[in-house]
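Note: the block below is start18.txt and it holds compact mmCIF, C-alpha atoms.
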```txt
# COMPACT_ATOMS: atom_id res chain seq x y z
CA MET M 171 73.09 147.41 177.77
CA ARG M 172 75.47 144.92 176.18
CA LEU M 173 73.26 144.98 173.09
CA GLN M 174 72.00 148.57 173.09
CA ILE M 175 75.43 150.24 173.33
CA PRO M 176 76.95 148.50 170.24
CA LEU M 177 73.74 149.19 168.30
CA ALA M 178 73.86 152.86 169.28
CA ILE M 179 77.54 153.15 168.28
CA THR M 180 76.81 151.47 164.96
CA PHE M 181 73.88 153.79 164.28
CA LEU M 182 75.76 156.99 165.15
CA VAL M 183 78.92 156.11 163.21
CA GLY M 184 76.95 154.90 160.20
CA LEU M 185 74.78 158.02 160.24
CA PHE M 186 77.87 160.23 160.45
CA MET M 187 79.56 158.46 157.53
CA ALA M 188 76.40 158.91 155.44
CA VAL M 189 75.85 162.58 156.34
CA GLN M 190 79.44 163.70 155.73
CA PHE M 191 79.09 162.84 152.02
CA PHE M 192 76.32 165.45 151.68
CA VAL M 193 77.59 168.20 154.03
CA PRO M 194 80.82 169.78 152.70
CA HIS M 195 81.87 171.34 156.00
CA GLU M 196 85.39 171.50 157.44
CA MET M 197 84.19 170.01 160.72
CA PHE M 198 82.98 166.86 158.97
CA HIS M 199 86.18 166.61 156.95
CA GLY M 200 88.39 166.69 160.06
CA SER M 201 86.14 164.26 161.90
CA LEU M 202 86.22 161.92 158.93
CA GLU M 203 90.02 161.80 159.08
CA ASN M 204 89.83 160.86 162.76
CA VAL M 205 87.26 158.14 162.08
CA LEU M 206 89.41 156.69 159.28
CA ALA M 207 92.41 156.65 161.61
CA TRP M 208 90.37 154.66 164.16
CA VAL M 209 89.28 152.33 161.36
CA ARG M 210 92.92 151.61 160.55
CA ILE M 211 93.66 150.94 164.22
CA VAL M 212 90.72 148.58 164.58
CA GLY M 213 91.75 146.90 161.32
CA ALA M 214 95.22 146.26 162.76
CA PHE M 215 93.69 144.57 165.81
CA ALA M 216 91.40 142.58 163.50
CA LEU M 217 94.46 141.42 161.57
CA VAL M 218 96.04 140.15 164.80
CA LEU M 219 92.83 138.31 165.67
CA GLY M 220 92.73 136.81 162.17
CA ILE M 221 96.31 135.57 162.46
CA GLY M 222 95.54 134.06 165.86
CA SER M 223 92.46 132.33 164.49
CA LEU M 224 94.47 130.98 161.54
CA LEU M 225 97.18 129.51 163.76
CA ARG M 226 94.71 128.08 166.27
CA THR M 227 92.58 126.45 163.58
CA HIS M 228 95.49 124.77 161.82
CA TRP M 229 97.19 123.78 165.08
CA ASP M 230 93.98 122.10 166.24
CA LYS M 231 93.78 120.31 162.89
CA ILE M 232 97.35 119.04 163.28
CA ARG M 233 96.83 117.99 166.91
CA ARG M 234 93.69 116.02 166.11
CA ARG M 235 95.18 114.54 162.88
CA ARG M 236 92.18 115.59 160.85
CA ARG M 237 91.89 115.16 157.11
CA ASP M 238 94.74 116.79 155.11
CA TRP M 239 96.50 117.87 158.31
CA PRO M 240 99.98 117.87 156.65
CA TYR M 241 98.84 120.85 154.59
CA SER M 242 98.23 122.70 157.86
CA ILE M 243 101.89 122.11 158.76
CA VAL M 244 102.93 123.62 155.44
CA THR M 245 100.63 126.61 156.06
CA ILE M 246 102.01 127.35 159.52
CA LEU M 247 105.65 126.88 158.50
CA SER M 248 105.20 129.06 155.42
CA PHE M 249 103.51 131.77 157.48
CA LEU M 250 106.26 131.77 160.12
CA ALA M 251 109.01 131.71 157.50
CA MET M 252 107.57 134.70 155.62
CA CYS M 253 107.15 136.62 158.89
CA VAL M 254 110.78 135.98 159.90
CA ILE M 255 112.11 136.83 156.44
CA GLY M 256 109.97 139.94 156.03
CA ILE M 257 110.51 141.37 159.53
CA GLY M 258 114.16 140.42 159.79
CA PHE M 259 115.44 141.24 156.29
CA GLY M 260 112.86 143.66 154.86
CA HIS M 261 110.57 143.35 151.87
CA GLU M 262 112.07 145.77 149.37
CA PRO M 263 113.05 144.66 145.84
CA GLY M 264 116.18 142.55 145.98
CA THR M 265 115.47 141.01 149.38
CA VAL M 266 114.72 137.35 150.06
CA PHE M 267 111.07 138.20 150.87
CA TYR M 268 110.64 139.90 147.49
CA TRP M 269 112.30 136.98 145.68
CA VAL M 270 110.04 134.42 147.42
CA PHE M 271 106.96 136.48 146.59
CA GLU M 272 107.86 136.95 142.92
CA ASN M 273 109.13 133.40 142.27
CA ILE M 274 106.82 131.31 144.49
CA GLN M 275 103.69 133.25 145.40
CA VAL M 276 103.06 134.78 141.97
CA PRO M 277 103.54 131.51 140.02
CA LEU M 278 101.27 129.68 142.49
CA ASP M 279 98.58 132.34 142.03
CA ALA M 280 98.91 132.09 138.26
CA THR M 281 98.61 128.30 138.43
CA MET M 282 95.51 128.47 140.60
CA PHE M 283 93.78 130.97 138.33
CA SER M 284 94.76 129.04 135.21
CA LEU M 285 92.94 126.01 136.63
CA LEU M 286 89.80 128.12 136.82
CA ALA M 287 89.68 128.11 133.01
CA PHE M 288 88.70 124.44 133.04
CA PHE M 289 85.93 125.05 135.58
CA ILE M 290 84.68 128.00 133.48
CA ALA M 291 84.67 125.83 130.35
CA SER M 292 82.74 123.11 132.19
CA ALA M 293 80.21 125.63 133.56
CA ALA M 294 79.81 127.17 130.11
CA PHE M 295 79.15 123.75 128.59
CA ARG M 296 76.38 123.09 131.12
CA THR M 297 74.93 126.60 130.81
CA PHE M 298 74.87 126.77 127.02
CA ARG M 299 72.72 123.68 126.56
CA ALA M 300 69.71 124.78 124.53
CA ARG M 301 67.08 123.44 126.92
CA SER M 302 64.92 126.58 126.87
CA THR M 303 64.40 129.75 124.86
CA GLU M 304 66.62 131.78 127.19
CA ALA M 305 69.41 129.19 127.04
CA THR M 306 69.15 129.13 123.24
CA LEU M 307 69.48 132.93 123.03
CA LEU M 308 72.47 132.77 125.38
CA LEU M 309 74.07 130.06 123.26
CA VAL M 310 73.56 131.96 119.99
CA ALA M 311 74.91 135.21 121.47
CA ALA M 312 77.95 133.43 122.89
CA VAL M 313 78.74 131.77 119.56
CA VAL M 314 78.40 135.07 117.67
CA VAL M 315 80.67 136.87 120.17
CA MET M 316 83.30 134.14 120.05
CA LEU M 317 83.26 134.00 116.26
CA GLY M 318 83.51 137.76 116.04
CA ARG M 319 86.38 138.07 118.52
CA VAL M 320 88.47 134.90 118.28
CA PRO M 321 91.43 135.47 115.93
CA SER M 322 91.78 133.22 112.93
CA ALA M 323 94.27 130.38 112.95
CA LEU M 324 95.46 131.72 109.59
CA ILE M 325 96.34 135.13 111.05
CA VAL M 326 99.91 134.88 109.78
CA MET M 327 98.72 134.45 106.21
CA PHE M 328 95.64 136.67 106.09
CA GLY M 329 96.34 139.34 108.70
CA ASP M 330 94.54 140.38 111.87
CA THR M 331 91.04 139.07 111.14
CA SER M 332 88.55 137.08 113.19
CA VAL M 333 86.99 133.74 112.41
CA GLY M 334 83.55 135.32 112.00
CA GLN M 335 84.78 137.72 109.34
CA TYR M 336 85.40 134.79 107.04
CA LEU M 337 81.78 133.70 107.52
CA HIS M 338 80.21 137.16 107.16
CA ALA M 339 81.68 140.63 106.84
CA ASN M 340 79.35 142.06 109.52
CA MET M 341 80.03 139.36 112.12
CA PRO M 342 82.59 141.46 114.07
CA ASP M 343 80.16 144.41 114.13
CA VAL M 344 77.37 142.20 115.46
CA SER M 345 79.73 140.86 118.11
CA GLU M 346 80.67 144.38 119.21
CA TRP M 347 76.98 145.40 119.32
CA ILE M 348 76.19 142.45 121.62
CA MET M 349 79.06 143.38 123.93
CA ASN M 350 78.30 147.13 123.98
CA VAL M 351 74.49 147.19 124.14
CA PRO M 352 72.73 144.13 125.66
CA THR M 353 75.73 143.13 127.79
CA VAL M 354 76.28 146.62 129.19
CA ALA M 355 72.55 147.00 129.87
CA GLY M 356 72.48 143.73 131.80
CA LYS M 357 75.63 144.65 133.70
CA ARG M 358 74.15 147.99 134.75
CA GLY M 359 70.97 146.26 135.86
CA ILE M 360 73.02 143.92 138.04
CA ILE M 361 74.95 146.88 139.50
CA PHE M 362 71.68 148.65 140.32
CA GLY M 363 70.42 145.51 142.05
CA VAL M 364 73.64 145.15 144.05
CA ALA M 365 73.50 148.83 145.05
CA LEU M 366 69.90 148.55 146.22
CA GLY M 367 70.76 145.39 148.16
CA ALA M 368 73.72 147.12 149.81
CA ILE M 369 71.53 150.09 150.78
CA ALA M 370 68.88 147.78 152.23
CA THR M 371 71.50 145.85 154.22
CA ALA M 372 73.07 149.08 155.48
CA LEU M 373 69.69 150.36 156.66
CA ARG M 374 69.00 147.08 158.43
CA VAL M 375 72.36 147.34 160.24
CA LEU M 376 71.89 151.02 161.14
CA LEU M 377 68.39 150.47 162.48
CA GLY M 378 69.44 147.43 164.51
CA ILE M 379 67.31 144.97 162.55
CA GLU M 380 70.34 143.01 161.31
CA ARG M 381 72.46 141.99 164.30
CA SER M 382 74.61 139.20 162.90
CA HIS M 383 77.70 141.46 163.07
CA LEU M 384 77.34 141.39 166.87
CA GLY M 385 77.73 137.61 166.92
CA GLY M 386 75.38 134.90 168.00
CA GLY M 387 73.54 134.18 164.76
CA GLY M 388 71.50 136.03 162.19
CA GLY M 389 69.48 139.17 162.25
CA GLY M 390 66.05 139.91 163.53
CA GLY M 391 64.19 142.61 165.29
CA ARG M 392 63.83 140.88 168.63
```
Let me see the file written as structure tokens.
Amino acid sequence: MRLQIPLAITFLVGLFMAVQFFVPHEMFHGSLENVLAWVRIVGAFALVLGIGSLLRTHWDKIRRRRRDWPYSIVTILSFLAMCVIGIGFGHEPGTVFYWVFENIQVPLDATMFSLLAFFIASAAFRTFRARSTEATLLLVAAVVVMLGRVPSALIVMFGDTSVGQYLHANMPDVSEWIMNVPTVAGKRGIIFGVALGAIATALRVLLGIERSHLGGGGGGGR
């Protein structure tokens, strides 16, 4: 029963959420609002569990003096400080919480994402090596797109033109065609694949084949 009851609840709720998209009835609309309210309540409890897991994990790391444990101290102190500031003084514009977020959190996020540019450049260098026909086509397309879109260093003197336009007048048009036709086609193919994978995973969960969300390891029909 400990396994059958959660599987039955998952199946019924998942089936209801799927059916209500195709049955425009007032009964389903009202029931959907109730289900979404319960989802928000469960999400609040999940947030509490996540906070508890965060504090327990970092406290255990500090107690055992594991690698980089001082960073765990910074994490816990920052978390507690933001909680005290936000709960005690509010989080509207002009408060200390808002100032800390805008002047510490946002610059730190920008710094982290700016570092990703170097990893992207390194990955692009490894990917664009012409070791096969596919890699060569990828390299040529990337060069054409960059030449057609990167502004010229002489933009002040010659106006808003790209580097590729100095090489050939049709270079920007070729760059736009690559971005609007092959790139969009590939992107839609990826989206179709992701959608089919999501549907397959949802069916496995609804039918009780995938049980990893119940804990204790991966899926399986046993």
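Atom CA of M:Leu250 lies 13.5 Å from atom CA of M:Val270.
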Exercise for the section: For M:Leu177, work out the shell of residues within 9 Å, counting only C-alpha atoms and skipping chain neighbours fewer than 6 positions away, then give it as a ChimeraX atom specification. Expected result: /M:375-378,381,384
Please provide the set of residues having any atom within 12 Å of M:Thr297, restricted to only C-alpha atoms, with same-chain residues fewer than 3 positions apart removed, written as an mmCIF file with C-alpha atoms, in the frame of the given file.
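The resulting file, around_22.cif, is shown below:
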```cif
data_model
loop_
_atom_site.group_PDB
_atom_site.id
_atom_site.type_symbol
_atom_site.label_atom_id
_atom_site.label_comp_id
_atom_site.auth_asym_id
_atom_site.auth_seq_id
_atom_site.Cartn_x
_atom_site.Cartn_y
_atom_site.Cartn_z
ATOM 1 C CA ILE M 290 84.680 128.000 133.480
ATOM 2 C CA ALA M 291 84.670 125.830 130.350
ATOM 3 C CA SER M 292 82.740 123.110 132.190
ATOM 4 C CA ALA M 293 80.210 125.630 133.560
ATOM 5 C CA ALA M 294 79.810 127.170 130.110
ATOM 6 C CA ALA M 300 69.710 124.780 124.530
ATOM 7 C CA ARG M 301 67.080 123.440 126.920
ATOM 8 C CA SER M 302 64.920 126.580 126.870
ATOM 9 C CA GLU M 304 66.620 131.780 127.190
ATOM 10 C CA ALA M 305 69.410 129.190 127.040
ATOM 11 C CA THR M 306 69.150 129.130 123.240
ATOM 12 C CA LEU M 307 69.480 132.930 123.030
ATOM 13 C CA LEU M 308 72.470 132.770 125.380
ATOM 14 C CA LEU M 309 74.070 130.060 123.260
ATOM 15 C CA ALA M 312 77.950 133.430 122.890
#
```
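The spacing separating atom CA of M:Phe198 from atom CA of M:Leu185 amounts to 12.1 Å.
In this structure, atom CA of M:Met341 sits 7.2 Å away from atom CA of M:Val314.
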Problem - Counting only C-alpha atoms, the residue of M:Met349, M:Ile175, M:Ala216, M:Met282 that sits nearest M:Val315 - result: M:Met349
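Minimum distance to M:Thr353 across M:Thr227, M:Ala311, M:Pro277, M:Arg236 (counting all atoms listed in the file) occurs at M:Ala311.
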Exercise for the section: Give the answer as one residue: which of M:Met316, M:Arg172, M:Gly363, M:Ile255 has the shortest atom-to-atom distance to M:Pro342, using only C-alpha atoms? Expected result: M:Met316
Handout entry: stretch 271-275 of chain M environment, 12 Å, all atoms listed in the file, sequence neighbours closer than 6 positions dropped, as a ChimeraX atom specification
Key = /M:248,252,255-256,261-265,281-282
Output for the residues just chosen: C-alpha atoms as a PDB file, in the frame of the given file:
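Saved the output as result-v2.pdb:
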```pdb
ATOM      1  CA  SER M 248     105.200 129.060 155.420  1.00  0.00           C
ATOM      2  CA  MET M 252     107.570 134.700 155.620  1.00  0.00           C
ATOM      3  CA  ILE M 255     112.110 136.830 156.440  1.00  0.00           C
ATOM      4  CA  GLY M 256     109.970 139.940 156.030  1.00  0.00           C
ATOM      5  CA  HIS M 261     110.570 143.350 151.870  1.00  0.00           C
ATOM      6  CA  GLU M 262     112.070 145.770 149.370  1.00  0.00           C
ATOM      7  CA  PRO M 263     113.050 144.660 145.840  1.00  0.00           C
ATOM      8  CA  GLY M 264     116.180 142.550 145.980  1.00  0.00           C
ATOM      9  CA  THR M 265     115.470 141.010 149.380  1.00  0.00           C
ATOM     10  CA  THR M 281      98.610 128.300 138.430  1.00  0.00           C
ATOM     11  CA  MET M 282      95.510 128.470 140.600  1.00  0.00           C
TER      12      MET M 282
END
```
